[in-house]
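**Q** Data: run-v2.cif, mmCIF, C-alpha atoms.
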```
data_final
loop_
_atom_site.label_atom_id
_atom_site.label_comp_id
_atom_site.auth_asym_id
_atom_site.auth_seq_id
_atom_site.Cartn_x
_atom_site.Cartn_y
_atom_site.Cartn_z
CA MET Q 1 40.15 23.51 131.77
CA GLU Q 2 39.27 27.18 131.38
CA LYS Q 3 35.56 27.91 131.40
CA SER Q 4 33.89 29.30 128.34
CA ILE Q 5 32.45 32.82 128.48
CA GLU Q 6 28.92 31.35 128.34
CA GLU Q 7 29.59 29.16 131.39
CA ILE Q 8 31.05 32.10 133.28
CA TRP Q 9 27.97 34.21 132.62
CA LYS Q 10 25.58 31.41 133.59
CA GLU Q 11 27.34 30.99 136.91
CA GLY Q 12 28.53 34.56 137.46
CA PHE Q 13 25.58 35.87 139.38
CA LEU Q 14 24.80 32.60 141.17
CA GLU Q 15 27.36 32.88 143.93
CA PRO Q 16 26.45 32.73 147.65
CA ASP Q 17 25.39 36.39 147.57
CA ALA Q 18 23.55 35.98 144.22
CA LEU Q 19 22.25 39.25 142.87
CA ILE Q 20 19.07 38.03 141.19
CA ALA Q 21 17.06 34.94 140.32
CA PRO Q 22 18.60 32.36 137.94
CA LYS Q 23 16.34 33.18 134.98
CA VAL Q 24 17.16 36.85 135.22
CA ASN Q 25 20.82 35.93 135.61
CA GLU Q 26 20.65 34.07 132.33
CA LEU Q 27 18.97 37.04 130.64
CA TYR Q 28 21.67 39.45 131.81
CA GLY Q 29 24.30 36.90 130.84
CA LYS Q 30 23.01 36.74 127.27
CA LYS Q 31 22.85 40.53 127.08
CA SER Q 32 26.43 40.80 128.34
CA ILE Q 33 27.73 38.27 125.83
CA HIS Q 34 25.93 40.05 123.01
CA ILE Q 35 27.31 43.49 123.92
CA ILE Q 36 30.92 42.37 124.29
CA ASP Q 37 30.91 40.17 121.19
CA LYS Q 38 29.32 42.98 119.17
CA PHE Q 39 31.95 45.47 120.31
CA LYS Q 40 34.84 43.10 119.51
CA ARG Q 41 33.40 42.43 116.07
CA MET Q 42 32.88 46.12 115.31
CA PHE Q 43 36.34 46.99 116.65
CA LYS Q 44 38.08 44.42 114.43
CA ILE Q 45 36.04 45.43 111.37
CA ASN Q 46 36.94 49.06 112.00
CA LEU Q 47 40.67 48.25 112.13
CA ILE Q 48 40.43 46.22 108.91
CA ALA Q 49 38.58 49.10 107.23
CA ILE Q 50 41.33 51.53 108.26
CA VAL Q 51 44.02 49.23 106.81
CA VAL Q 52 42.14 48.81 103.53
CA PHE Q 53 41.48 52.55 103.26
CA SER Q 54 45.11 53.46 103.95
CA ILE Q 55 46.39 51.03 101.29
CA VAL Q 56 43.86 52.21 98.69
CA PHE Q 57 44.54 55.87 99.48
CA LEU Q 58 48.29 55.29 99.23
CA GLY Q 59 47.87 53.78 95.76
CA ILE Q 60 45.59 56.60 94.61
CA SER Q 61 48.00 59.23 95.95
CA PHE Q 62 50.77 57.91 93.68
CA ILE Q 63 48.43 57.85 90.70
CA VAL Q 64 47.29 61.47 91.12
CA GLY Q 65 50.77 62.75 91.98
CA ILE Q 66 50.52 63.41 95.72
CA PRO Q 67 52.60 60.50 97.08
CA LEU Q 68 53.86 62.39 100.14
CA MET Q 69 50.31 62.89 101.35
CA GLY Q 70 49.49 59.23 100.80
CA ALA Q 71 52.67 58.08 102.55
CA MET Q 72 52.07 60.29 105.59
CA PHE Q 73 48.44 59.16 105.83
CA PHE Q 74 49.52 55.53 105.50
CA VAL Q 75 52.18 55.72 108.22
CA ALA Q 76 49.89 57.60 110.64
CA LEU Q 77 47.02 55.17 110.14
CA MET Q 78 49.29 52.12 110.47
CA VAL Q 79 50.57 53.45 113.79
CA LEU Q 80 46.96 53.89 114.87
CA VAL Q 81 46.10 50.32 113.87
CA LEU Q 82 49.16 48.79 115.56
CA ILE Q 83 48.46 50.60 118.83
CA ASN Q 84 44.83 49.53 118.80
CA ARG Q 85 45.78 45.94 118.04
CA GLN Q 86 47.92 45.99 121.16
CA LEU Q 87 45.01 47.45 123.11
CA LEU Q 88 42.78 44.66 121.81
CA LYS Q 89 45.25 42.08 123.13
CA GLY Q 90 44.83 43.68 126.54
CA LEU Q 91 41.09 42.98 126.35
CA ASP Q 92 41.79 39.29 125.72
CA LYS Q 93 43.97 39.20 128.85
CA ILE Q 94 41.14 40.14 131.19
CA ASP Q 95 40.54 37.29 133.64
CA LYS Q 96 37.45 35.41 132.46
CA GLY Q 97 37.46 33.29 135.59
CA GLU Q 98 35.72 35.99 137.56
CA ASN Q 99 31.95 36.36 137.74
CA SER Q 100 30.16 38.04 134.88
CA TYR Q 101 29.52 41.31 136.73
CA GLN Q 102 33.24 41.73 137.50
CA TYR Q 103 34.10 40.88 133.91
CA LEU Q 104 31.68 43.56 132.72
CA ILE Q 105 33.30 46.07 135.06
CA LYS Q 106 36.78 45.24 133.72
CA PHE Q 107 35.49 45.36 130.15
CA ASN Q 108 34.08 48.82 130.83
CA ASP Q 109 37.41 49.89 132.35
CA TRP Q 110 39.22 48.61 129.27
CA ILE Q 111 36.91 50.60 126.99
CA ASN Q 112 37.56 53.75 129.00
CA TRP Q 113 41.32 53.14 128.74
CA GLN Q 114 41.14 52.45 124.99
CA VAL Q 115 39.11 55.61 124.38
CA SER Q 116 41.53 57.62 126.54
CA VAL Q 117 44.57 56.42 124.56
CA ASN Q 118 42.94 57.13 121.19
CA ARG Q 119 41.71 60.51 122.35
CA ARG Q 120 45.26 61.55 123.24
CA MET Q 121 46.55 60.22 119.90
CA SER Q 122 43.91 62.25 118.08
CA THR Q 123 45.54 65.48 119.24
CA ILE Q 124 48.51 64.43 117.09
CA LEU Q 125 46.83 62.53 114.25
CA TYR Q 126 44.44 65.25 113.08
CA PRO Q 127 47.21 67.87 112.79
CA VAL Q 128 49.36 65.28 110.96
CA PHE Q 129 46.54 64.63 108.48
CA PHE Q 130 46.17 68.36 107.84
CA ILE Q 131 49.92 68.93 107.42
CA SER Q 132 50.15 65.93 105.11
CA PHE Q 133 47.39 67.50 102.99
CA ILE Q 134 49.40 70.74 102.71
CA ILE Q 135 52.69 68.95 101.99
CA GLY Q 136 51.08 66.60 99.49
CA PHE Q 137 49.73 69.37 97.30
CA TRP Q 138 52.75 71.63 97.79
CA PHE Q 139 55.04 68.99 96.30
CA LYS Q 140 52.62 67.91 93.56
CA ASP Q 141 54.26 68.13 90.16
CA ALA Q 142 52.75 70.94 88.09
CA GLU Q 143 54.31 71.06 84.64
CA GLY Q 144 57.86 70.42 85.80
CA MET Q 145 57.61 72.49 88.97
CA TYR Q 146 56.15 71.78 92.40
CA LEU Q 147 52.65 73.25 92.73
CA GLY Q 148 53.64 75.14 95.89
CA ASN Q 149 56.64 76.74 94.23
CA ARG Q 150 54.56 77.69 91.20
CA LEU Q 151 51.96 79.39 93.40
CA MET Q 152 54.65 81.15 95.43
CA HIS Q 153 56.28 82.44 92.26
CA LYS Q 154 53.01 83.96 91.09
CA ILE Q 155 52.26 85.46 94.51
CA THR Q 156 55.72 86.99 95.04
CA SER Q 157 55.81 88.31 91.47
CA ALA Q 158 52.58 90.19 92.07
CA ASN Q 159 53.59 91.22 95.62
CA PRO Q 160 57.40 91.63 95.80
CA ASP Q 161 57.28 93.19 99.30
CA LEU Q 162 55.28 90.32 100.77
CA SER Q 163 56.58 89.01 104.11
CA ILE Q 164 57.84 85.42 103.75
CA ILE Q 165 58.31 82.76 106.46
CA PHE Q 166 59.85 79.40 105.57
CA GLY Q 167 59.20 80.06 101.90
CA ILE Q 168 55.51 80.92 102.21
CA PRO Q 169 53.62 84.19 102.87
CA SER Q 170 53.53 85.00 106.57
CA VAL Q 171 49.74 85.28 106.53
CA VAL Q 172 49.41 81.81 105.02
CA PHE Q 173 51.99 80.47 107.47
CA PHE Q 174 50.08 81.77 110.50
CA ILE Q 175 46.78 80.47 109.11
CA ILE Q 176 48.32 76.99 108.73
CA MET Q 177 49.71 77.17 112.27
CA LEU Q 178 46.34 78.32 113.60
CA ILE Q 179 44.43 75.47 111.93
CA THR Q 180 47.06 72.97 113.11
CA GLY Q 181 46.78 74.28 116.65
CA LEU Q 182 42.97 74.15 116.58
CA LEU Q 183 43.05 70.56 115.32
CA ALA Q 184 45.43 69.64 118.13
CA PHE Q 185 43.24 71.38 120.70
CA PHE Q 186 39.94 69.96 119.42
CA GLY Q 187 41.37 66.61 118.27
CA GLY Q 188 40.08 64.79 121.34
CA ARG Q 189 36.59 66.24 120.90
CA ILE Q 190 36.56 65.34 117.20
CA TYR Q 191 37.57 61.79 118.11
CA MET Q 192 34.80 61.49 120.73
CA TRP Q 193 32.25 62.67 118.18
CA ASP Q 194 33.55 60.07 115.73
CA VAL Q 195 33.69 57.21 118.23
CA ASN Q 196 30.19 57.96 119.53
CA MET Q 197 28.86 57.76 115.98
CA VAL Q 198 30.37 54.28 115.57
CA TYR Q 199 30.14 52.75 119.05
CA GLY Q 200 27.63 55.04 120.78
CA ARG Q 201 24.81 52.49 120.89
CA VAL Q 202 27.11 49.77 122.25
CA PHE Q 203 28.44 52.08 124.98
CA LYS Q 204 24.89 53.09 125.89
CA LYS Q 205 23.73 49.46 126.20
CA LEU Q 206 26.77 48.57 128.30
CA LYS Q 207 26.11 51.48 130.66
CA GLU Q 208 22.42 50.57 130.93
CA LEU Q 209 23.26 46.95 131.69
CA LEU Q 210 25.74 47.89 134.41
CA ASN Q 211 23.23 50.33 135.93
CA ASP Q 212 20.53 47.65 135.93
CA ILE Q 213 22.73 45.10 137.67
CA GLU Q 214 24.01 47.60 140.21
CA SER Q 215 20.49 48.87 140.99
CA ILE Q 216 19.34 45.29 141.63
CA ASN Q 217 22.34 44.67 143.85
CA THR Q 218 21.65 47.70 146.08
#
```
Show this structure as structure tokens.
**A**
Amino acid sequence: MEKSIEEIWKEGFLEPDALIAPKVNELYGKKSIHIIDKFKRMFKINLIAIVVFSIVFLGISFIVGIPLMGAMFFVALMVLVLINRQLLKGLDKIDKGENSYQYLIKFNDWINWQVSVNRRMSTILYPVFFISFIIGFWFKDAEGMYLGNRLMHKITSANPDLSIIFGIPSVVFFIIMLITGLLAFFGGRIYMWDVNMVYGRVFKKLKELLNDIESINT
């Protein structure tokens, strides 16, 4: 029968080359369990919150007349959730039969992998969110005409010699491209700022725990 996580932690440090005394082992075991359980709980709550937000935002977008924005947000966020659910399954596959220190190491490796995947996705997601914002309001109905077309009509009427690219003023086009490029470039940094706000304390405690165990073992 597979051991429970609690049993693994109680025995993890008590191998022939035990790192520390049994009472301290138990203390580190409890800390390890608390950190990992807290992260899993926060991670699942975060995914549920994203799903709820995307559904609510989709409904609101139809009500206020920007359905394209809502649909693009919804699809992008659902892709994010599905990928992270798959990543979470990878965490459950980590071998719990190893000692607690090795499990902590693999848990830390999994976190680094999960953060790496989401950081790369952020270079795409943030530009998508911005473009969806532009598209959503461009195609918003404004008295029988799309809002973007109405604005363009006013602008071109006042400036008939204005340079146009893909139906919009060239200056506006290059500004949109610049912002999109900046979001792609800084997307990873924005994600790290966001993830540290949510999980920063958990990551810090995990790092401190690993450092404590390793310092005792040396």
**Q** Care to translate the PyMOL selection byres ((chain Q and resi 40) around 12) into actual residues of this file, as an MDAnalysis selection string?
**A** chainID Q and resid 33:39 41:47 84:85 87:89 91:92 107 111 199 202
**Q** Gly65 in chain Q: which residues within 9 Å, counting only C-alpha atoms, same-chain residues fewer than 6 positions away excluded, as a list in words?
**A** Gly136, Phe137, Phe139, Lys140 and Asp141 of chain Q
**Q** Which residues would end up in the selection if the PyMOL selection byres ((chain Q and resi 121) around 10) were applied here, given that I need the answer as a PDB file with C-alpha atoms, keeping the file's coordinate frame?
**A**
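Done, and the output landed in result.pdb:
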```pdb
ATOM      1  CA  VAL Q  79      50.570  53.450 113.790  1.00  0.00           C
ATOM      2  CA  LEU Q  80      46.960  53.890 114.870  1.00  0.00           C
ATOM      3  CA  ILE Q  83      48.460  50.600 118.830  1.00  0.00           C
ATOM      4  CA  VAL Q 115      39.110  55.610 124.380  1.00  0.00           C
ATOM      5  CA  SER Q 116      41.530  57.620 126.540  1.00  0.00           C
ATOM      6  CA  VAL Q 117      44.570  56.420 124.560  1.00  0.00           C
ATOM      7  CA  ASN Q 118      42.940  57.130 121.190  1.00  0.00           C
ATOM      8  CA  ARG Q 119      41.710  60.510 122.350  1.00  0.00           C
ATOM      9  CA  ARG Q 120      45.260  61.550 123.240  1.00  0.00           C
ATOM     10  CA  SER Q 122      43.910  62.250 118.080  1.00  0.00           C
ATOM     11  CA  THR Q 123      45.540  65.480 119.240  1.00  0.00           C
ATOM     12  CA  ILE Q 124      48.510  64.430 117.090  1.00  0.00           C
ATOM     13  CA  LEU Q 125      46.830  62.530 114.250  1.00  0.00           C
ATOM     14  CA  TYR Q 126      44.440  65.250 113.080  1.00  0.00           C
ATOM     15  CA  ALA Q 184      45.430  69.640 118.130  1.00  0.00           C
ATOM     16  CA  GLY Q 187      41.370  66.610 118.270  1.00  0.00           C
ATOM     17  CA  GLY Q 188      40.080  64.790 121.340  1.00  0.00           C
ATOM     18  CA  TYR Q 191      37.570  61.790 118.110  1.00  0.00           C
TER      19      TYR Q 191
END
```
**Q** How would you write, as a list in words, the residues chosen by the PyMOL selection byres ((chain Q and resi 55-61) around 12) on this structure?
**A** Ile48, Ala49, Ile50, Val51, Val52, Phe53, Ser54, Phe62, Ile63, Val64, Gly65, Ile66, Pro67, Leu68, Met69, Gly70, Ala71, Met72, Phe73, Phe74, Val75, Ala76, Leu77, Met78, Ser132, Phe133, Gly136, Phe137 and Lys140 of chain Q
**Q** In the coordinates of the file, take the point (54.9, 81.7, 99.4) and a cut-off of 9 Å; then, counting all atoms listed in the file, name each qualifying protein, DNA or RNA residue as a compact mmCIF listing (two decimals) with C-alpha atoms, in the frame of the given file.
**A**
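Output file selection11.txt follows:
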```txt
# COMPACT_ATOMS: atom_id res chain seq x y z
CA GLY Q 148 53.64 75.14 95.89
CA ASN Q 149 56.64 76.74 94.23
CA LEU Q 151 51.96 79.39 93.40
CA MET Q 152 54.65 81.15 95.43
CA HIS Q 153 56.28 82.44 92.26
CA LYS Q 154 53.01 83.96 91.09
CA ILE Q 155 52.26 85.46 94.51
CA THR Q 156 55.72 86.99 95.04
CA LEU Q 162 55.28 90.32 100.77
CA SER Q 163 56.58 89.01 104.11
CA ILE Q 164 57.84 85.42 103.75
CA ILE Q 165 58.31 82.76 106.46
CA PHE Q 166 59.85 79.40 105.57
CA GLY Q 167 59.20 80.06 101.90
CA ILE Q 168 55.51 80.92 102.21
CA PRO Q 169 53.62 84.19 102.87
CA SER Q 170 53.53 85.00 106.57
CA VAL Q 172 49.41 81.81 105.02
CA PHE Q 173 51.99 80.47 107.47
```
